[in-house]
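Colleague: Coordinates in start.csv, CSV, C-alpha atoms, are listed below.
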chain,number,residue,atom,x,y,z
A,440,MET,CA,0.0,0.0,0.0
A,441,MET,CA,2.7,2.5,1.0
A,442,THR,CA,4.8,1.5,-2.0
A,443,ALA,CA,1.9,2.1,-4.4
A,444,ILE,CA,1.3,5.6,-2.8
A,445,THR,CA,4.9,6.5,-3.1
A,446,GLN,CA,5.2,5.4,-6.8
A,447,LEU,CA,2.3,7.9,-7.5
A,448,PHE,CA,4.7,10.7,-6.6
A,449,PRO,CA,4.1,12.7,-9.8
A,450,VAL,CA,0.3,12.6,-9.3
A,451,TRP,CA,0.6,13.9,-5.7
A,452,ALA,CA,3.1,16.6,-6.8
A,453,VAL,CA,0.8,17.8,-9.6
A,454,LEU,CA,-2.3,17.7,-7.4
A,455,LEU,CA,-0.8,19.6,-4.5
A,456,SER,CA,0.9,22.1,-6.9
A,457,THR,CA,-2.4,22.8,-8.5
A,458,ILE,CA,-4.0,23.5,-5.2
A,459,ALA,CA,-1.1,25.7,-4.2
A,460,LEU,CA,-1.3,27.6,-7.4
A,461,PHE,CA,-4.9,28.6,-6.9
A,462,PHE,CA,-5.0,28.7,-3.1
A,463,PRO,CA,-1.5,29.9,-2.1
A,464,HIS,CA,-2.6,31.1,1.3
A,465,LEU,CA,-2.8,27.5,2.4
A,466,PHE,CA,1.0,26.9,2.1
A,467,ILE,CA,2.8,30.3,2.3
A,468,ASP,CA,3.1,30.3,6.0
A,469,PHE,CA,5.1,27.0,5.9
A,470,LYS,CA,8.1,28.7,4.1
A,471,SER,CA,10.4,28.2,7.1
A,472,ALA,CA,9.8,24.5,7.1
A,473,ILE,CA,11.6,23.9,3.7
A,474,ILE,CA,15.1,23.4,5.0
A,475,PRO,CA,14.1,21.2,8.0
A,476,MET,CA,12.0,19.0,5.6
A,477,LEU,CA,15.0,18.7,3.3
A,478,MET,CA,17.2,17.7,6.2
A,479,VAL,CA,14.6,14.9,7.0
A,480,ILE,CA,15.0,13.7,3.4
A,481,MET,CA,18.8,13.6,3.7
A,482,LEU,CA,18.5,11.8,7.0
A,483,SER,CA,16.2,9.3,5.4
A,484,MET,CA,18.8,8.7,2.7
A,485,GLY,CA,21.5,8.2,5.3
A,486,LEU,CA,19.4,5.6,7.1
A,487,THR,CA,19.4,3.5,4.0
A,488,LEU,CA,23.2,3.6,3.5
A,489,THR,CA,25.9,1.2,4.7
A,490,GLY,CA,29.6,1.1,4.5
A,491,GLN,CA,29.2,-1.3,1.6
A,492,ASP,CA,27.6,1.3,-0.5
A,493,PHE,CA,30.7,3.4,-0.3
A,494,LEU,CA,33.1,0.4,-0.8
A,495,ARG,CA,31.2,-0.4,-4.0
A,496,VAL,CA,32.9,2.6,-5.6
A,497,ILE,CA,36.1,0.5,-5.7
A,498,GLN,CA,34.3,-2.4,-7.4
A,499,HIS,CA,32.7,-0.1,-10.0
A,500,LYS,CA,35.3,2.6,-10.4
A,501,LYS,CA,34.8,3.3,-14.1
A,502,ALA,CA,31.0,3.5,-13.9
A,503,VAL,CA,31.0,5.8,-10.8
A,504,LEU,CA,33.6,8.0,-12.5
A,505,ILE,CA,31.5,8.3,-15.6
A,506,ALA,CA,28.4,9.2,-13.6
A,507,VAL,CA,30.2,11.8,-11.5
A,508,LEU,CA,31.8,13.5,-14.5
A,509,LEU,CA,28.5,13.6,-16.4
A,510,GLN,CA,26.7,14.8,-13.4
A,511,PHE,CA,28.9,17.8,-12.7
A,512,THR,CA,29.6,18.7,-16.4
A,513,VAL,CA,26.6,18.0,-18.6
A,514,MET,CA,23.9,19.2,-16.2
A,515,PRO,CA,25.5,22.5,-15.0
A,516,LEU,CA,26.6,23.5,-18.6
A,517,MET,CA,23.3,22.5,-20.1
A,518,ALA,CA,21.4,24.5,-17.5
A,519,TYR,CA,23.5,27.6,-18.0
A,520,THR,CA,23.3,27.3,-21.8
A,521,LEU,CA,19.5,26.9,-21.8
A,522,ALA,CA,19.0,29.9,-19.4
A,523,THR,CA,21.3,32.0,-21.6
A,524,LEU,CA,19.6,31.1,-24.9
A,525,LEU,CA,16.2,31.7,-23.5
A,526,MET,CA,17.3,35.0,-22.0
A,527,PHE,CA,16.1,34.3,-18.5
A,528,ASP,CA,16.1,37.0,-16.0
A,529,THR,CA,18.6,36.8,-13.1
A,530,ASP,CA,16.3,34.9,-10.8
A,531,LEU,CA,15.5,32.2,-13.3
A,532,LEU,CA,19.1,32.0,-14.4
A,533,ILE,CA,20.1,31.4,-10.8
A,534,GLY,CA,17.4,28.7,-10.4
A,535,MET,CA,18.4,26.8,-13.6
A,536,VAL,CA,22.1,26.8,-12.6
A,537,LEU,CA,21.3,25.6,-9.1
A,538,VAL,CA,19.3,22.7,-10.5
A,539,GLY,CA,22.2,21.9,-12.8
A,540,THR,CA,24.9,22.0,-10.2
A,541,VAL,CA,23.3,20.0,-7.4
A,542,ALA,CA,23.9,16.2,-7.0
A,543,GLY,CA,21.7,13.4,-8.3
A,544,GLY,CA,18.4,12.9,-6.5
A,545,THR,CA,17.3,9.9,-4.4
A,546,ALA,CA,14.3,9.4,-6.8
A,547,SER,CA,16.9,7.9,-9.2
A,548,ASN,CA,17.2,4.9,-7.0
A,549,VAL,CA,13.4,4.1,-7.3
A,550,MET,CA,13.4,4.7,-11.1
A,551,CYS,CA,16.5,2.4,-11.4
A,552,TYR,CA,14.7,-0.3,-9.5
A,553,LEU,CA,11.6,-0.1,-11.8
A,554,ALA,CA,13.8,0.0,-14.9
A,555,LYS,CA,15.7,-3.2,-14.0
A,556,GLY,CA,18.9,-1.3,-13.4
A,557,ASP,CA,21.6,-1.8,-10.8
A,558,VAL,CA,19.9,-0.5,-7.7
A,559,ALA,CA,22.9,-1.1,-5.4
A,560,LEU,CA,25.1,0.9,-7.8
A,561,SER,CA,22.5,3.6,-8.1
A,562,ILE,CA,22.5,4.1,-4.3
A,563,THR,CA,26.3,4.2,-4.3
A,564,MET,CA,26.3,6.8,-7.1
A,565,THR,CA,23.7,9.0,-5.4
A,566,ALA,CA,25.7,8.8,-2.1
A,567,ILE,CA,29.0,9.8,-3.8
A,568,SER,CA,27.5,12.6,-5.9
A,569,THR,CA,25.6,13.9,-2.8
A,570,LEU,CA,28.9,14.1,-0.8
A,571,LEU,CA,30.8,15.6,-3.7
A,572,GLY,CA,28.0,18.1,-4.4
A,573,VAL,CA,28.6,19.7,-1.0
A,574,MET,CA,31.8,21.1,-2.5
A,575,PHE,CA,30.9,21.2,-6.2
A,576,THR,CA,27.6,23.0,-6.1
A,577,PRO,CA,28.7,26.4,-4.6
A,578,PHE,CA,32.0,26.5,-6.7
A,579,LEU,CA,30.3,25.5,-10.0
A,580,THR,CA,27.5,28.0,-9.4
A,581,ALA,CA,30.1,30.7,-8.8
A,582,ALA,CA,32.1,29.7,-11.8
A,583,LEU,CA,29.1,29.8,-14.1
A,584,ILE,CA,27.2,32.9,-12.9
A,585,GLY,CA,29.6,34.6,-10.4
A,586,GLN,CA,30.0,37.5,-12.9
A,587,VAL,CA,26.2,38.1,-13.1
A,588,VAL,CA,25.3,37.8,-9.4
A,589,ASP,CA,27.2,37.6,-6.1
A,590,ILE,CA,27.4,33.9,-5.1
A,591,PRO,CA,28.0,33.5,-1.3
A,592,VAL,CA,30.3,30.4,-1.8
A,593,SER,CA,31.4,30.1,1.8
A,594,SER,CA,27.9,30.5,3.2
A,595,MET,CA,26.5,28.0,0.7
A,596,LEU,CA,29.2,25.5,1.6
A,597,ALA,CA,28.4,25.9,5.3
A,598,SER,CA,24.7,25.4,4.6
A,599,LEU,CA,25.3,22.3,2.5
A,600,LEU,CA,27.4,20.8,5.3
A,601,LYS,CA,24.5,21.4,7.6
A,602,ILE,CA,21.6,20.5,5.3
A,603,VAL,CA,23.3,17.6,3.5
A,604,LEU,CA,26.4,16.2,5.0
A,605,LEU,CA,25.4,16.3,8.7
A,606,PRO,CA,22.0,14.5,8.3
A,607,VAL,CA,23.4,11.9,5.9
A,608,ALA,CA,26.3,11.2,8.3
A,609,ILE,CA,24.0,10.9,11.3
A,610,GLY,CA,21.7,8.5,9.2
A,611,VAL,CA,24.7,6.3,8.2
A,612,LEU,CA,25.9,6.2,11.9
A,613,MET,CA,22.4,5.4,13.2
A,614,ASN,CA,22.0,2.7,10.5
A,615,ARG,CA,25.3,1.1,11.6
A,616,ILE,CA,24.5,1.2,15.4
A,617,PHE,CA,20.8,0.4,15.3
A,618,THR,CA,20.5,-1.7,12.1
A,619,ASN,CA,18.0,-4.3,13.5
A,620,LYS,CA,15.9,-1.7,15.3
A,621,LEU,CA,15.5,0.4,12.2
A,622,ASN,CA,14.5,-2.5,9.9
A,623,HIS,CA,10.8,-1.8,10.6
A,624,ILE,CA,11.2,1.9,9.8
A,625,LYS,CA,13.1,1.6,6.6
A,626,PRO,CA,10.2,0.5,4.3
A,627,HIS,CA,8.4,3.8,5.2
A,628,LEU,CA,11.3,6.1,4.5
A,629,PRO,CA,10.6,6.5,0.7
A,630,PHE,CA,7.0,7.6,1.7
A,631,VAL,CA,8.4,10.1,4.2
A,632,SER,CA,10.8,11.6,1.6
A,633,MET,CA,8.1,11.7,-1.0
A,634,ALA,CA,5.7,13.5,1.3
A,635,ALA,CA,8.3,16.0,2.3
A,636,ILE,CA,9.3,16.9,-1.3
A,637,VAL,CA,5.7,17.2,-2.4
A,638,PHE,CA,5.0,19.6,0.4
A,639,ILE,CA,8.1,21.6,-0.4
A,640,ILE,CA,7.0,21.8,-4.0
A,641,ALA,CA,3.6,23.1,-2.9
A,642,ILE,CA,5.1,25.8,-0.7
A,643,ILE,CA,7.3,27.1,-3.6
A,644,VAL,CA,4.4,27.1,-6.0
A,645,ALA,CA,2.3,29.1,-3.5
A,646,LEU,CA,5.1,31.6,-3.1
A,647,ASN,CA,5.4,32.0,-6.9
A,648,SER,CA,1.8,31.6,-7.9
A,649,ALA,CA,1.5,34.9,-9.7
A,650,LYS,CA,4.8,34.6,-11.6
A,651,LEU,CA,4.2,31.0,-12.6
A,652,GLN,CA,1.1,32.0,-14.5
A,653,THR,CA,3.1,34.4,-16.7
A,654,ILE,CA,6.4,32.6,-17.3
A,655,GLY,CA,5.5,29.0,-16.5
A,656,LEU,CA,5.6,27.7,-20.0
A,657,LEU,CA,9.0,29.0,-20.9
A,658,ILE,CA,10.8,27.7,-17.8
A,659,PHE,CA,8.9,24.4,-18.2
A,660,VAL,CA,10.4,24.0,-21.7
A,661,ALA,CA,13.9,24.6,-20.3
A,662,ILE,CA,13.3,22.0,-17.6
A,663,VAL,CA,12.1,19.4,-20.0
A,664,VAL,CA,15.1,19.9,-22.4
A,665,HIS,CA,17.5,19.9,-19.5
A,666,ASN,CA,16.2,16.7,-18.0
A,667,ALA,CA,16.0,15.0,-21.4
A,668,THR,CA,19.6,15.9,-22.1
A,669,GLY,CA,20.7,14.4,-18.8
A,670,LEU,CA,18.8,11.1,-19.4
A,671,LEU,CA,19.9,10.8,-23.0
A,672,LEU,CA,23.6,11.5,-22.5
A,673,GLY,CA,23.6,9.6,-19.3
A,674,TYR,CA,22.6,6.6,-21.2
A,675,TRP,CA,24.4,6.9,-24.5
A,676,ILE,CA,27.8,8.1,-23.4
A,677,PRO,CA,28.3,5.1,-21.0
A,678,LYS,CA,27.0,2.9,-23.9
A,679,CYS,CA,29.7,4.3,-26.2
A,680,LEU,CA,32.2,3.6,-23.4
A,681,LYS,CA,31.3,-0.1,-23.4
A,682,GLN,CA,29.3,-0.2,-20.2
A,683,ASP,CA,26.6,-2.9,-20.1
A,684,GLU,CA,22.9,-2.1,-20.4
A,685,THR,CA,22.1,-2.3,-16.7
A,686,VAL,CA,24.9,0.2,-15.9
A,687,CYS,CA,23.8,2.5,-18.7
A,688,ARG,CA,20.3,2.7,-17.4
A,689,THR,CA,21.6,3.3,-13.9
A,690,ILE,CA,23.8,6.2,-14.9
A,691,ALA,CA,21.0,7.7,-17.1
A,692,PHE,CA,18.7,8.1,-14.1
A,693,GLU,CA,21.6,9.3,-11.9
A,694,VAL,CA,22.6,12.1,-14.3
A,695,GLY,CA,19.1,13.1,-15.5
A,696,MET,CA,17.4,13.2,-12.1
A,697,GLN,CA,18.6,16.0,-9.8
A,698,ASN,CA,18.3,16.8,-6.1
A,699,SER,CA,16.0,19.6,-7.1
A,700,GLY,CA,14.7,19.9,-3.5
A,701,LEU,CA,18.2,21.0,-2.5
A,702,ALA,CA,18.2,23.5,-5.4
A,703,VAL,CA,14.9,24.9,-4.0
A,704,ALA,CA,16.3,25.2,-0.5
A,705,LEU,CA,19.5,27.0,-1.6
A,706,ALA,CA,17.4,29.4,-3.8
A,707,MET,CA,15.1,30.3,-0.9
A,708,LYS,CA,17.9,30.7,1.6
A,709,PHE,CA,20.4,32.7,-0.5
A,710,PHE,CA,18.4,34.3,-3.3
A,711,SER,CA,14.7,34.6,-3.8
A,712,PRO,CA,11.4,32.6,-4.1
A,713,ALA,CA,11.5,33.2,-7.9
A,714,ALA,CA,14.9,31.5,-8.1
A,715,ALA,CA,13.3,28.4,-6.7
A,716,ILE,CA,10.8,28.0,-9.6
A,717,ALA,CA,13.2,26.0,-11.7
A,718,GLY,CA,13.8,23.5,-8.9
A,719,THR,CA,10.1,23.2,-8.2
A,720,LEU,CA,9.2,22.4,-11.8
A,721,PHE,CA,12.1,20.0,-12.1
A,722,SER,CA,11.0,18.1,-9.0
A,723,ILE,CA,7.7,17.4,-10.7
A,724,TRP,CA,8.8,16.8,-14.2
A,725,HIS,CA,11.8,14.5,-13.6
A,726,ASN,CA,9.6,12.1,-11.7
A,727,VAL,CA,7.1,12.1,-14.6
A,728,SER,CA,9.8,11.6,-17.3
A,729,GLY,CA,11.7,9.1,-15.1
A,730,SER,CA,8.5,7.0,-14.5
A,731,ILE,CA,7.8,6.9,-18.2
A,732,LEU,CA,11.4,5.9,-19.1
A,733,ALA,CA,11.5,3.3,-16.2
A,734,GLY,CA,8.2,1.8,-17.5
A,735,TYR,CA,9.5,1.5,-21.0
A,736,TRP,CA,12.7,-0.2,-19.9
A,737,HIS,CA,10.8,-2.4,-17.5
A,738,LYS,CA,8.6,-3.7,-20.3
A,739,ARG,CA,11.5,-4.1,-22.7
A,740,SER,CA,13.4,-6.2,-20.1
A,741,ILE,CA,10.4,-8.5,-19.7
A,742,LYS,CA,10.0,-8.8,-23.4
A,743,GLU,CA,13.7,-9.5,-24.0
A,744,SER,CA,13.7,-12.2,-21.2
A,745,SER,CA,10.6,-13.9,-22.6
A,746,THR,CA,12.0,-14.0,-26.1
A,747,ALA,CA,15.5,-15.1,-25.2
A,748,PRO,CA,16.3,-18.6,-26.6
A,749,GLU,CA,16.7,-21.3,-24.0
A,750,PRO,CA,20.0,-23.1,-24.0
A,751,ASP,CA,19.8,-26.5,-25.8
A,752,ALA,CA,20.5,-29.7,-24.0
A,753,GLU,CA,24.0,-30.1,-25.4
A,754,SER,CA,25.1,-26.7,-24.1
A,755,GLN,CA,23.6,-27.4,-20.7
A,756,ILE,CA,25.6,-30.6,-20.5
A,757,GLU,CA,28.8,-28.7,-21.5
A,758,GLN,CA,28.2,-26.0,-18.8
A,759,SER,CA,27.7,-28.7,-16.2
Translate this file's structure into structure tokens.

Modeller:
Amino acid sequence: MMTAITQLFPVWAVLLSTIALFFPHLFIDFKSAIIPMLMVIMLSMGLTLTGQDFLRVIQHKKAVLIAVLLQFTVMPLMAYTLATLLMFDTDLLIGMVLVGTVAGGTASNVMCYLAKGDVALSITMTAISTLLGVMFTPFLTAALIGQVVDIPVSSMLASLLKIVLLPVAIGVLMNRIFTNKLNHIKPHLPFVSMAAIVFIIAIIVALNSAKLQTIGLLIFVAIVVHNATGLLLGYWIPKCLKQDETVCRTIAFEVGMQNSGLAVALAMKFFSPAAAIAGTLFSIWHNVSGSILAGYWHKRSIKESSTAPEPDAESQIEQS
């Protein structure tokens, strides 16, 4: 039941966003809850991680390296390019770049599972990009738009340490010490994360309800193209580098699906509610596109396994 509700994330996000768009007064007063809710999401992520997830980097060095390089090159550069070509104002430019420079989102792990990818590797990639993003996000943001707007790099770094690194570290430690006691809680963590991000989205939509009705389509086009580029290059570049199908699917989701909730929190804390629009729309759209792509790959995997020829008797004897 809980899993079914969680997998309907795009539906809840669209529903609550629509309510927030037309009845913003219901959500505006919860503005101060954005960062605490994001910390809950990061804590939930930490509670699912073990030391093995980090050791897996050694076993899959090439795949993790490809994912990290694509994550922090393709997504930031594409975000900046789209915002520049579409001549976004300063707030929307900041928002797009923040979406591009943050780490991969935890939703990629769910999509990877549905698409028959390597879930363990996906969790490892998300963990590594999340930790690296603490450093990369402020510096990449400054490098891309530091000449346009003042980027408080040191303050952003300190906030990322508090919002991301500290909750994740606490979660990992708790998971190590209280593994057995937490087993009954872990199945509910995806629902907790989903509920938190949906509520964050609704708050941002409420704060930007007037502006969204005037510029919503243009920013939405940018978000769709940005996300599609990450998914496509995240799949085909590893494919060209001779990675197997399962790894290619895993990297595609890791690159194409951003921690847009973090982009929203940073926009709200250091810039303006308008700068959070890109992250809000990305949060909705990347789960819609990710679900569609995961469904396609899931069906293709079932079809391929059902049409695969069974080994003949002679080959079975030779293998035995």

Colleague: Give me the residues near Leu583 of chain A as a PyMOL selection string, where near means some atom within 10 Å (using all atoms listed in the file) and where sequence neighbours in that chain fewer than 5 positions away do not count.

Modeller: chain A and resi 515-516+518-520+533+536+540+578

Colleague: Please produce a file of those selected residues containing C-alpha atoms, as an mmCIF file, in the coordinates of the input.

Modeller:
data_model
loop_
_atom_site.group_PDB
_atom_site.id
_atom_site.type_symbol
_atom_site.label_atom_id
_atom_site.label_comp_id
_atom_site.auth_asym_id
_atom_site.auth_seq_id
_atom_site.Cartn_x
_atom_site.Cartn_y
_atom_site.Cartn_z
ATOM 1 C CA PRO A 515 25.500 22.500 -15.000
ATOM 2 C CA LEU A 516 26.600 23.500 -18.600
ATOM 3 C CA ALA A 518 21.400 24.500 -17.500
ATOM 4 C CA TYR A 519 23.500 27.600 -18.000
ATOM 5 C CA THR A 520 23.300 27.300 -21.800
ATOM 6 C CA ILE A 533 20.100 31.400 -10.800
ATOM 7 C CA VAL A 536 22.100 26.800 -12.600
ATOM 8 C CA THR A 540 24.900 22.000 -10.200
ATOM 9 C CA PHE A 578 32.000 26.500 -6.700
#

Colleague: Might you pull out every residue within 10 Å of Thr545 of chain A, with all atoms listed in the file counted and same-chain residues fewer than 3 positions away left off, and present them as a PDB file with C-alpha atoms, keeping the file's coordinate frame?

Modeller:
ATOM      1  CA  ILE A 480      15.000  13.700   3.400  1.00  0.00           C
ATOM      2  CA  MET A 481      18.800  13.600   3.700  1.00  0.00           C
ATOM      3  CA  SER A 483      16.200   9.300   5.400  1.00  0.00           C
ATOM      4  CA  MET A 484      18.800   8.700   2.700  1.00  0.00           C
ATOM      5  CA  ALA A 542      23.900  16.200  -7.000  1.00  0.00           C
ATOM      6  CA  ASN A 548      17.200   4.900  -7.000  1.00  0.00           C
ATOM      7  CA  VAL A 549      13.400   4.100  -7.300  1.00  0.00           C
ATOM      8  CA  MET A 550      13.400   4.700 -11.100  1.00  0.00           C
ATOM      9  CA  SER A 561      22.500   3.600  -8.100  1.00  0.00           C
ATOM     10  CA  ILE A 562      22.500   4.100  -4.300  1.00  0.00           C
ATOM     11  CA  MET A 564      26.300   6.800  -7.100  1.00  0.00           C
ATOM     12  CA  THR A 565      23.700   9.000  -5.400  1.00  0.00           C
ATOM     13  CA  ALA A 566      25.700   8.800  -2.100  1.00  0.00           C
ATOM     14  CA  THR A 569      25.600  13.900  -2.800  1.00  0.00           C
ATOM     15  CA  PRO A 629      10.600   6.500   0.700  1.00  0.00           C
ATOM     16  CA  SER A 632      10.800  11.600   1.600  1.00  0.00           C
ATOM     17  CA  MET A 633       8.100  11.700  -1.000  1.00  0.00           C
ATOM     18  CA  PHE A 692      18.700   8.100 -14.100  1.00  0.00           C
ATOM     19  CA  GLU A 693      21.600   9.300 -11.900  1.00  0.00           C
ATOM     20  CA  MET A 696      17.400  13.200 -12.100  1.00  0.00           C
ATOM     21  CA  GLN A 697      18.600  16.000  -9.800  1.00  0.00           C
ATOM     22  CA  ASN A 698      18.300  16.800  -6.100  1.00  0.00           C
TER      23      ASN A 698
END

Colleague: List as a JSON list (two decimals) with C-alpha atoms, in the frame of the given file the protein and nucleic acid residues near Ala554 of chain A, meaning an atom at most 10 Å away when all atoms listed in the file are counted, but skip any in the same chain fewer than 6 places from it.

Modeller:
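part_5.json written:
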[["chain", "number", "residue", "atom", "x", "y", "z"],
["A", 548, "ASN", "CA", 17.20, 4.90, -7.00],
["A", 685, "THR", "CA", 22.10, -2.30, -16.70],
["A", 688, "ARG", "CA", 20.30, 2.70, -17.40],
["A", 689, "THR", "CA", 21.60, 3.30, -13.90],
["A", 692, "PHE", "CA", 18.70, 8.10, -14.10],
["A", 729, "GLY", "CA", 11.70, 9.10, -15.10],
["A", 730, "SER", "CA", 8.50, 7.00, -14.50],
["A", 731, "ILE", "CA", 7.80, 6.90, -18.20],
["A", 732, "LEU", "CA", 11.40, 5.90, -19.10],
["A", 733, "ALA", "CA", 11.50, 3.30, -16.20],
["A", 734, "GLY", "CA", 8.20, 1.80, -17.50],
["A", 735, "TYR", "CA", 9.50, 1.50, -21.00],
["A", 736, "TRP", "CA", 12.70, -0.20, -19.90],
["A", 737, "HIS", "CA", 10.80, -2.40, -17.50],
["A", 738, "LYS", "CA", 8.60, -3.70, -20.30],
["A", 739, "ARG", "CA", 11.50, -4.10, -22.70],
["A", 740, "SER", "CA", 13.40, -6.20, -20.10]]

Colleague: Just want the 9 Å neighbourhood of Ile584 of chain A, counted on all atoms listed in the file, with same-chain residues fewer than 3 positions away dropped. Output as a PyMOL selection string.

Modeller: chain A and resi 519+532-533+536+579-581+587-590

Colleague: Next, the residues of the selection above should be written as a PDB file, in the frame of the given file with C-alpha atoms.

Modeller:
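Saved file selection-v8.pdb follows:
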ATOM      1  CA  TYR A 519      23.500  27.600 -18.000  1.00  0.00           C
ATOM      2  CA  LEU A 532      19.100  32.000 -14.400  1.00  0.00           C
ATOM      3  CA  ILE A 533      20.100  31.400 -10.800  1.00  0.00           C
ATOM      4  CA  VAL A 536      22.100  26.800 -12.600  1.00  0.00           C
ATOM      5  CA  LEU A 579      30.300  25.500 -10.000  1.00  0.00           C
ATOM      6  CA  THR A 580      27.500  28.000  -9.400  1.00  0.00           C
ATOM      7  CA  ALA A 581      30.100  30.700  -8.800  1.00  0.00           C
ATOM      8  CA  VAL A 587      26.200  38.100 -13.100  1.00  0.00           C
ATOM      9  CA  VAL A 588      25.300  37.800  -9.400  1.00  0.00           C
ATOM     10  CA  ASP A 589      27.200  37.600  -6.100  1.00  0.00           C
ATOM     11  CA  ILE A 590      27.400  33.900  -5.100  1.00  0.00           C
TER      12      ILE A 590
END

Colleague: Which one of A:Leu657, A:Leu494, A:Ile636, A:Phe617 sits closest to Met526 of chain A if you count all atoms listed in the file?

Modeller: A:Leu657

Colleague: Taking all atoms listed in the file into account, produce a table as CSV in which each residue of segment 461-489 of chain A with an atom at most 12 Å from an atom of segment 452-455 of chain A appears once, together with its shortest atom pair and the distance in Å to one decimal, ordered by chain and rising number.

Modeller:
residue,atom,partner,partner_atom,distance
A:Phe461,CA,A:Leu455,CA,10.2
A:Phe462,CA,A:Leu455,CA,10.1
A:Pro463,CA,A:Leu455,CA,10.6
A:Leu465,CA,A:Leu455,CA,10.7
A:Phe466,CA,A:Leu455,CA,10.0

Colleague: How many Å lie between atom CA of Leu705 of chain A and atom CA of Ala649 of chain A, rounded to one decimal?

Modeller: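 So the two atoms, atom CA of Leu705 of chain A and atom CA of Ala649 of chain A, lie 21.3 Å apart.
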
Colleague: Excluding Gly695 of chain A and any residue of its chain fewer than 4 positions from it, enumerate the residues within 10 Å of it, using only C-alpha atoms, and give them as a PyMOL selection string.

Modeller: chain A and resi 509-510+513-514+539+543-544+547+665-674+690-691+725+728-729

Colleague: Can you work out the spacing between atom CA of Thr489 of chain A and atom CA of Ile624 of chain A in Å, to one decimal?

Modeller: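 We find that atom CA of Thr489 of chain A and atom CA of Ile624 of chain A lie 15.6 Å from each other.
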
Colleague: Return the single residue from A:Val607, A:Ala559, A:Ala472, A:Cys679 that is closest to Ile643 of chain A, with distances computed using only C-alpha atoms.

Modeller: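 Among A:Val607, A:Ala559, A:Ala472, A:Cys679, it is A:Ala472 that comes nearest to Ile643 of chain A.
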
Colleague: Enter the distance from atom CA of Lys601 of chain A to atom CA of Gln586 of chain A, in Å, rounded to one decimal.

Modeller: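 Value for the atom CA of Lys601 of chain A-atom CA of Gln586 of chain A distance: 26.6 Å.
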
Colleague: Just checking: using all atoms listed in the file, which residue out of A:Leu651, A:Leu701, A:Ile567, A:Met476 ends up closest to Val496 of chain A?

Modeller: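 Result for the nearest residue to Val496 of chain A: A:Ile567.
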
Colleague: So that all listed atoms of segment 597-609 of chain A fit with 5 Å spare on each side, what axis-aligned box centre and edge lengths in Å, to one decimal, would you give as JSON?

Modeller:
{"center_x": 25.0, "center_y": 18.4, "center_z": 6.9, "size_x": 16.8, "size_y": 25.0, "size_z": 18.8}

Colleague: List every protein, DNA or RNA residue that has at least one atom no more than 10 Å from (18.4, 28.4, -3.7) in the file's coordinates, counting only C-alpha atoms, and write the result as a PyMOL selection string.

Modeller: chain A and resi 530+533-534+536-538+595+699-718

Colleague: Find, counting all atoms listed in the file, the residue in A:Leu508, A:Ile741, A:Leu621, A:Met613 that gets nearest to Phe575 of chain A.

Modeller: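 The answer is A:Leu508, which sits nearest to Phe575 of chain A.
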
Colleague: Kindly add N, CA and C atoms to the incomplete segment 662-673 of chain A and provide the output as a PDB file, in the frame of the given file.

Modeller:
ATOM      1  N   ILE A 662      13.196  23.162 -18.504  1.00  0.00           N
ATOM      2  CA  ILE A 662      13.300  22.000 -17.600  1.00  0.00           C
ATOM      3  C   ILE A 662      13.208  20.704 -18.332  1.00  0.00           C
ATOM      4  N   VAL A 663      12.268  20.608 -19.264  1.00  0.00           N
ATOM      5  CA  VAL A 663      12.100  19.400 -20.000  1.00  0.00           C
ATOM      6  C   VAL A 663      13.323  19.060 -20.859  1.00  0.00           C
ATOM      7  N   VAL A 664      13.866  20.071 -21.535  1.00  0.00           N
ATOM      8  CA  VAL A 664      15.100  19.900 -22.400  1.00  0.00           C
ATOM      9  C   VAL A 664      16.268  19.503 -21.495  1.00  0.00           C
ATOM     10  N   HIS A 665      16.405  20.180 -20.364  1.00  0.00           N
ATOM     11  CA  HIS A 665      17.500  19.900 -19.500  1.00  0.00           C
ATOM     12  C   HIS A 665      17.486  18.475 -18.954  1.00  0.00           C
ATOM     13  N   ASN A 666      16.334  18.056 -18.496  1.00  0.00           N
ATOM     14  CA  ASN A 666      16.200  16.700 -18.000  1.00  0.00           C
ATOM     15  C   ASN A 666      16.375  15.656 -19.083  1.00  0.00           C
ATOM     16  N   ALA A 667      15.817  15.905 -20.262  1.00  0.00           N
ATOM     17  CA  ALA A 667      16.000  15.000 -21.400  1.00  0.00           C
ATOM     18  C   ALA A 667      17.423  14.814 -21.791  1.00  0.00           C
ATOM     19  N   THR A 668      18.161  15.915 -21.786  1.00  0.00           N
ATOM     20  CA  THR A 668      19.600  15.900 -22.100  1.00  0.00           C
ATOM     21  C   THR A 668      20.354  15.000 -21.153  1.00  0.00           C
ATOM     22  N   GLY A 669      20.063  15.164 -19.864  1.00  0.00           N
ATOM     23  CA  GLY A 669      20.700  14.400 -18.800  1.00  0.00           C
ATOM     24  C   GLY A 669      20.435  12.876 -18.994  1.00  0.00           C
ATOM     25  N   LEU A 670      19.172  12.553 -19.243  1.00  0.00           N
ATOM     26  CA  LEU A 670      18.800  11.100 -19.400  1.00  0.00           C
ATOM     27  C   LEU A 670      19.422  10.536 -20.653  1.00  0.00           C
ATOM     28  N   LEU A 671      19.391  11.271 -21.769  1.00  0.00           N
ATOM     29  CA  LEU A 671      19.900  10.800 -23.000  1.00  0.00           C
ATOM     30  C   LEU A 671      21.441  10.582 -22.991  1.00  0.00           C
ATOM     31  N   LEU A 672      22.144  11.636 -22.587  1.00  0.00           N
ATOM     32  CA  LEU A 672      23.600  11.500 -22.500  1.00  0.00           C
ATOM     33  C   LEU A 672      24.063  10.605 -21.421  1.00  0.00           C
ATOM     34  N   GLY A 673      23.270  10.561 -20.341  1.00  0.00           N
ATOM     35  CA  GLY A 673      23.600   9.600 -19.300  1.00  0.00           C
ATOM     36  C   GLY A 673      23.488   8.189 -19.671  1.00  0.00           C
TER      37      GLY A 673
END
